[in-house]
Amino acid sequence: MTRPDRRRAVLTGLGAVSCLGAGVDAYGIGLLAGGAAPHDVDLPHMNMRAKRMYLTPPSAIPVEPVAHAGIPLGPAPRMAVAAAREALADAGIGDGEAARVPVVMGVEMGNASVQEEQRASGGGTPRWTPLAVTAAVVAEAVGSRAGASGIGNACAAGGYALGVALDMIRAGEADVVLVGGAEGVTRVGMAGFDRIRVTDPDRCRPFARDRAGTVFADGAAFAVLESADHAAARGAWPYAELGAAVWSCDSYHHPTAPEPDGVQLVRAMRDALADAGVRPDQVGCVLPHATGTLVNDAVESRALRRVFADVPDRPPVFALKALIGHGSGTAGMFACLAGALIASHGRIPANAPVDQDPECDVWLPQDGPLALTRPAVLVNSCATGGINASFVLSYAGGRA
Amino acid sequence: MSAPARLRVVGLGMTAPGALRPEHALELHGEAPPDWFDAEVLLPGRGYRKLPPGCRYLLAAARSALADTGAWFADLPAQEKAAVIGGNNAGATLQDDFDHTVIATGAADLSPARVPYMALSMFAGRLAPEHGLRAFSLAANSPAVAGLEALQTAARALAAGRATAVLAGAVEDRPAQAQGGGAAHDVGAAVLVCVSEGAPAAGELVYGHCSVRGAFVGEAPGVPEVSDVLDPLWKDLAAEGPPLARIDAVLDDSPAGEAVAAWLTARAGDRAITAVARPPGSGSLAPLRRVVGRLAAGPPERAVVLAVSAHGHVAMADVVPSASGVP
C-alpha cells in the first residue's frame, strides 16, 4: 500500500488531554473502557437549553503557561502545550530538537474563554486577545522556530491541519511537523449551536434512533507527523502511516446542512483511499464524523454505503463521539489519535450501546472490542458549511 | 529543505475603505467611514443583505478578482476550484454581540441565520456556493499573518494537486470590544486568483508571481535570535530571481515587532523599506494589501512583504510583479 514516487509520512508521537484524563495512555485505555459521560458546564450565564459537555477533569488541565505575549491564556492553550509536549516526547524528539519542527493547529475558538470571562465580569477593554493564539503558545513552549499556523476550519479543522502537514512533508518543506488541535469550553459556542437546535441536552449518541444532536467536548490532541525516511533513520517506530488526507467542499446553498446526497463526502473518501493506495476491501475500520445530529448521521451513513458498496463484508464503524463528545476544532485530531491507536494495536473499541436508527445503515459493533482484521482505518472530519476531509491511517509496522 | 511553492496571480480584488480597486491597495486610510461599502455598487444582487459585513466585503472582493479571469475560472470543473481565506477579526463583533445576548437574555434570542458566522470558516465557505468551489474551502487564522498564510497554503495545495485555481485572500472587520485593539484596525477584504506556477496559461492577464515563507521568532526575541531564524530564509530568498528592490514591513510595537524591525534594518542594505506601523490585533489584511498593491500598482520590481505578530509569527512574501501584466 505504498507509493514509491513520493515521500511517505508516518505518525511517530501522540499526545492528548481529554475527558478521559491526561495523556494518550489514558485516552486509549478510556476508549476501550467505554469512554466518558457528559456533565453540566459550570460557567455563569449558561442561558440555553443544552448545557452539557464532555469535560476534561480539572486535575488534567495544566496551570501553565499562564500568559503569552502579555495576554492571559485559558485552559485550551494550556492543554495544547501539555499534549504537544507529550507527542514530541513520545516521538523521541527532545528539547532543542524542535526548532526545525513547524506547528500546524486546527483551532477555531481557541482562547475564547478569556474573552468570555471578561464579558461576564463586565471588565474593561483589555489587551487584544486573539482566538487563534494557540499555535504560537505551543511553538513558544516547545521551542519551534519553523512556523506556527492556525487553521480555523470549524469542526473539520483537524482533517485540514493533517492535510497541510502532509503537504509539507510530501513537498520536502519539513521532515517533521507537530500537528494538533485544542479547544476549550465556550459559552457563546454552545449557545450558538443550541440556538440552531443541533445540540443534545443529554448525551452524544451517533446513529441512534433517538439522537437529538451533538454534545461538545474540550481538550487537546497532538501528533508528530514525520517523513517515513526521517523516522527510520533515527529509529523511531510509527503508530501508523498517514497515507492520504483529502479535502472537498459541498458548495451547497444551505449554511448548516450537508449536501443531502453526500456526493462530495463520497468523493473525499474515495479520493483518500485512492491517494493512499488502499482498496475499500482493505479498510478494517471507519471512524465517521458522526456527531449525533439527525441529518448529518443519515447523510454520512448513505455516503459510507456508497463507498463500500462493492465490499462483501463492510467494515465496522467506530462512532468515537459517543465516548468523548464532539471536540469541534480538535475533533479530527482526536479521531486521528484513535485511528492511529487502532491501526497500531489492532483493537477497535466497542461502540456505546444505542438503539440504532435503520436510516443509519452502518455496522456499529456494540458487544466489546473487535480485532482490526484489515490494515487501514478511514477517518472523516466534516464541518458546518459543507467542509469535508477524509484521511487514511494504515498499519506501519507496529509500536512497542 | 525545499523552496516554497510559487503562485501565479491571474486576478486581483480589493474592497476596503479608500481602496476599492487593487491599484489603490497601498493607500492607507484611517477610521472607515460608516457608509464606505456601497452594496448596490460593490455587491449588487439578492441574498446578501443579512450576511455579516465582512462576508459581504469578501464576496465583493472575490467578484472583482474573478472579473479579471473572464470565463476561464467559471468554466473550470467545480472540483478543481477552491478558497483559502485568512482572517482574525471578521466574526469578532458577532461573537461579542452573541455573548452579550446570551448573558442578558439567553440563546433563544440569537439570530440563527448568523450563528454559522461565529466560525471564520463560514466566511471562506460562503464563497463556495457563490462561485461553485468544490475542491476545498480553508480558513487561516494566525494573528497578523493569516492573509499571507492563505497565500502560502494556497501555493502548497496547488503544488500538491488539490486544485487548479484557488481564491486566496483575507477578510477583516473591526475587533470586538472584549478584544481591545483600539481604533486602528483592518477593515475590508482582498482576494487573489491563484494558479500554480507551472500550470498552463490561465488567461491573458498575469499580475505576477508570489511565494511565502513562514517562521516563528517567539514573543520576546532578541535581535541575534531573530537573525538565527530569519537569516536562512533571507539568504534563500535573495539567492535567486531578479534583484530585490523593495521591502514592505507590517509591524507592531511589540517586542517581536521591534526585534524584527531592527533585524530588517541591518539586512535591507540600500533597498527601499516601507514600514507600515500597526497596533497589535489590527488584523491580517494589511500585509495582503501590500502584496495586492505591489502586483497591481507598484513599479515592476521584486518586493518582499513581511509581517510579524506580537505573538511571534513571521511571514515573508516574495512578490514579483509582471512587467507587462499591469492593466
# chains A, B, ... in the order shown; residues from 1 in each chain; ligands from 1

call {"tool": "select_by_dssp", "arguments": {"residues": "region 24-272 of chain A", "states": "strand (DSSP E)", "output": "PyMOL selection string"}}
result
chain A and resi 39-40+52-53+67-68+71-72+103-106+148-151+176-183+219-227+240-249

call {"tool": "residues_around", "arguments": {"residues": "Leu20 (chain A)", "least_positions_apart": "6", "cutoff": "9 Å", "atoms": "only C-alpha atoms", "output": "ChimeraX atom specification"}}
result
/A:26-31,35-36,55-57,324

call {"tool": "write_last_selection", "arguments": {"atoms": "N, CA and C atoms", "output": "PDB file, in the first residue's frame"}}
result
ATOM      1  N   ALA A  26      -4.124   7.329  28.894  1.00  0.00           N
ATOM      2  CA  ALA A  26      -5.466   7.464  29.481  1.00  0.00           C
ATOM      3  C   ALA A  26      -6.531   7.516  28.389  1.00  0.00           C
ATOM      4  N   TYR A  27      -6.184   8.148  27.294  1.00  0.00           N
ATOM      5  CA  TYR A  27      -7.128   8.236  26.166  1.00  0.00           C
ATOM      6  C   TYR A  27      -7.420   6.848  25.586  1.00  0.00           C
ATOM      7  N   GLY A  28      -6.365   6.117  25.275  1.00  0.00           N
ATOM      8  CA  GLY A  28      -6.562   4.800  24.680  1.00  0.00           C
ATOM      9  C   GLY A  28      -7.251   3.824  25.627  1.00  0.00           C
ATOM     10  N   ILE A  29      -6.835   3.821  26.871  1.00  0.00           N
ATOM     11  CA  ILE A  29      -7.459   2.924  27.859  1.00  0.00           C
ATOM     12  C   ILE A  29      -8.913   3.319  28.087  1.00  0.00           C
ATOM     13  N   GLY A  30      -9.151   4.626  28.155  1.00  0.00           N
ATOM     14  CA  GLY A  30     -10.515   5.111  28.369  1.00  0.00           C
ATOM     15  C   GLY A  30     -11.459   4.740  27.242  1.00  0.00           C
ATOM     16  N   LEU A  31     -10.966   4.761  26.023  1.00  0.00           N
ATOM     17  CA  LEU A  31     -11.818   4.364  24.894  1.00  0.00           C
ATOM     18  C   LEU A  31     -12.184   2.882  24.997  1.00  0.00           C
ATOM     19  N   GLY A  35     -15.396   4.964  27.496  1.00  0.00           N
ATOM     20  CA  GLY A  35     -15.489   6.414  27.352  1.00  0.00           C
ATOM     21  C   GLY A  35     -15.992   7.122  28.588  1.00  0.00           C
ATOM     22  N   ALA A  36     -16.397   8.367  28.383  1.00  0.00           N
ATOM     23  CA  ALA A  36     -16.798   9.243  29.486  1.00  0.00           C
ATOM     24  C   ALA A  36     -18.272   9.604  29.371  1.00  0.00           C
ATOM     25  N   LEU A  55     -16.326  16.912  29.615  1.00  0.00           N
ATOM     26  CA  LEU A  55     -15.364  17.857  30.173  1.00  0.00           C
ATOM     27  C   LEU A  55     -14.078  17.184  30.630  1.00  0.00           C
ATOM     28  N   THR A  56     -12.983  17.838  30.337  1.00  0.00           N
ATOM     29  CA  THR A  56     -11.692  17.369  30.854  1.00  0.00           C
ATOM     30  C   THR A  56     -11.669  17.541  32.367  1.00  0.00           C
ATOM     31  N   PRO A  57     -11.253  16.522  33.121  1.00  0.00           N
ATOM     32  CA  PRO A  57     -11.178  16.677  34.580  1.00  0.00           C
ATOM     33  C   PRO A  57     -10.251  17.837  34.942  1.00  0.00           C
ATOM     34  N   ILE A 324     -16.528  10.335  23.715  1.00  0.00           N
ATOM     35  CA  ILE A 324     -15.787  11.514  24.206  1.00  0.00           C
ATOM     36  C   ILE A 324     -16.420  12.827  23.796  1.00  0.00           C
TER      37      ILE A 324
END

call {"tool": "closest_residue", "arguments": {"among": "B:Pro53, B:Gly30, B:Pro129, B:Pro287", "to": "chain A", "atoms": "only C-alpha atoms"}}
result
B:Pro129

call {"tool": "atom_distance", "arguments": {"atom1": "CA of Leu393 (chain A)", "atom2": "CA of Gly292 (chain A)"}}
result
23.6 Å

call {"tool": "residues_around", "arguments": {"residues": "region 75-84 of chain B", "least_positions_apart": "3", "cutoff": "8 Å", "atoms": "only C-alpha atoms", "output": "PyMOL selection string"}}
result
(chain A and resi 248) or (chain B and resi 71-72+124-125+127-128+132-140+150-151+153-154+162-169)

call {"tool": "residues_around", "arguments": {"residues": "Ala268 (chain A)", "least_positions_apart": "5", "cutoff": "8 Å", "atoms": "only C-alpha atoms", "output": "list in words"}}
result
Val246, Trp247, Ser248, Asn388, Ala389 and Ser390 of chain A

call {"tool": "write_last_selection", "arguments": {"atoms": "all heavy atoms", "output": "CSV table (one decimal), in the first residue's frame"}}
result
chain,number,residue,atom,x,y,z
A,246,VAL,N,-7.5,14.0,2.3
A,246,VAL,CA,-8.1,14.6,1.1
A,246,VAL,C,-9.2,15.5,1.5
A,246,VAL,O,-9.9,15.3,2.5
A,246,VAL,CB,-8.6,13.5,0.1
A,246,VAL,CG1,-9.5,14.1,-0.9
A,246,VAL,CG2,-7.4,12.8,-0.5
A,247,TRP,N,-9.4,16.6,0.8
A,247,TRP,CA,-10.4,17.6,1.2
A,247,TRP,C,-11.5,17.7,0.1
A,247,TRP,O,-11.2,17.5,-1.1
A,247,TRP,CB,-9.8,19.0,1.4
A,247,TRP,CG,-8.6,19.1,2.3
A,247,TRP,CD1,-8.4,18.3,3.3
A,247,TRP,CD2,-7.5,20.0,2.2
A,247,TRP,NE1,-7.2,18.7,4.0
A,247,TRP,CE2,-6.7,19.7,3.3
A,247,TRP,CE3,-7.2,21.1,1.3
A,247,TRP,CZ2,-5.5,20.5,3.5
A,247,TRP,CZ3,-6.1,21.8,1.6
A,247,TRP,CH2,-5.2,21.5,2.6
A,248,SER,N,-12.7,18.1,0.5
A,248,SER,CA,-13.7,18.5,-0.5
A,248,SER,C,-14.7,19.5,0.1
A,248,SER,O,-14.6,19.7,1.3
A,248,SER,CB,-14.5,17.3,-1.1
A,248,SER,OG,-15.4,16.8,-0.1
A,388,ASN,N,-15.4,19.1,4.1
A,388,ASN,CA,-15.2,17.7,4.3
A,388,ASN,C,-13.7,17.4,4.2
A,388,ASN,O,-12.9,18.0,3.4
A,388,ASN,CB,-15.8,16.8,3.2
A,388,ASN,CG,-17.3,17.2,3.0
A,388,ASN,OD1,-18.1,17.1,4.0
A,388,ASN,ND2,-17.7,17.5,1.8
A,389,ALA,N,-13.2,16.5,5.1
A,389,ALA,CA,-11.9,15.9,5.0
A,389,ALA,C,-12.0,14.4,5.3
A,389,ALA,O,-12.7,14.0,6.2
A,389,ALA,CB,-10.9,16.6,5.9
A,390,SER,N,-11.2,13.7,4.5
A,390,SER,CA,-11.1,12.2,4.8
A,390,SER,C,-9.7,11.9,4.8
A,390,SER,O,-8.9,12.3,3.9
A,390,SER,CB,-11.9,11.4,3.8
A,390,SER,OG,-13.2,11.6,3.8

call {"tool": "closest_residue", "arguments": {"among": "A:Pro288, A:Gly219, A:Pro130, A:Pro65", "to": "Ala22 (chain A)", "atoms": "only C-alpha atoms"}}
result
A:Gly219

call {"tool": "atom_distance", "arguments": {"atom1": "CA of Asp310 (chain A)", "atom2": "CA of Pro358 (chain A)"}}
result
20.4 Å

call {"tool": "closest_residue", "arguments": {"among": "A:Pro201, A:Gly143, A:Gly181, A:Gly346", "to": "chain B", "atoms": "only C-alpha atoms"}}
result
A:Gly143

call {"tool": "residues_around", "arguments": {"residues": "Leu273 (chain A)", "least_positions_apart": "2", "cutoff": "9 Å", "atoms": "only C-alpha atoms", "output": "count of residues only"}}
result
17

call {"tool": "atom_distance", "arguments": {"atom1": "CA of Ala161 (chain A)", "atom2": "CA of Ala199 (chain B)"}}
result
25.3 Å

call {"tool": "closest_residue", "arguments": {"among": "A:His289, A:Arg197, A:His345, A:Arg305", "to": "chain B", "atoms": "only C-alpha atoms"}}
result
A:Arg197

call {"tool": "closest_residue", "arguments": {"among": "A:Glu183, A:Glu241, A:Glu108, A:Glu300", "to": "Ser18 (chain A)", "atoms": "only C-alpha atoms"}}
result
A:Glu183

call {"tool": "closest_residue", "arguments": {"among": "B:Gly269, B:Gly214, B:Gly86, B:Gly312", "to": "Thr134 (chain A)", "atoms": "only C-alpha atoms"}}
result
B:Gly312

call {"tool": "residues_around", "arguments": {"residues": "Val145 (chain B)", "least_positions_apart": "6", "cutoff": "7 Å", "atoms": "only C-alpha atoms", "output": "short mmCIF file (atom, residue, chain, number, x, y, z; two decimals) with N, CA and C atoms, in the first residue's frame"}}
result
data_model
loop_
_atom_site.label_atom_id
_atom_site.label_comp_id
_atom_site.auth_asym_id
_atom_site.auth_seq_id
_atom_site.Cartn_x
_atom_site.Cartn_y
_atom_site.Cartn_z
N SER B 284 -5.21 40.84 9.73
CA SER B 284 -4.29 40.18 8.81
C SER B 284 -4.41 40.70 7.38
N ALA B 307 5.46 40.39 7.48
CA ALA B 307 4.51 40.68 8.56
C ALA B 307 4.94 39.94 9.82
N VAL B 308 4.74 40.57 10.95
CA VAL B 308 5.11 39.99 12.25
C VAL B 308 3.94 40.16 13.20
N SER B 309 3.68 39.15 14.02
CA SER B 309 2.67 39.30 15.06
C SER B 309 3.34 39.50 16.41
N HIS B 313 4.72 35.17 15.28
CA HIS B 313 4.63 34.71 13.89
C HIS B 313 5.37 35.67 12.96
N VAL B 314 6.01 35.10 11.96
CA VAL B 314 6.60 35.89 10.89
C VAL B 314 6.22 35.26 9.56
N ALA B 315 5.81 36.07 8.61
CA ALA B 315 5.58 35.58 7.25
C ALA B 315 6.24 36.55 6.29
#
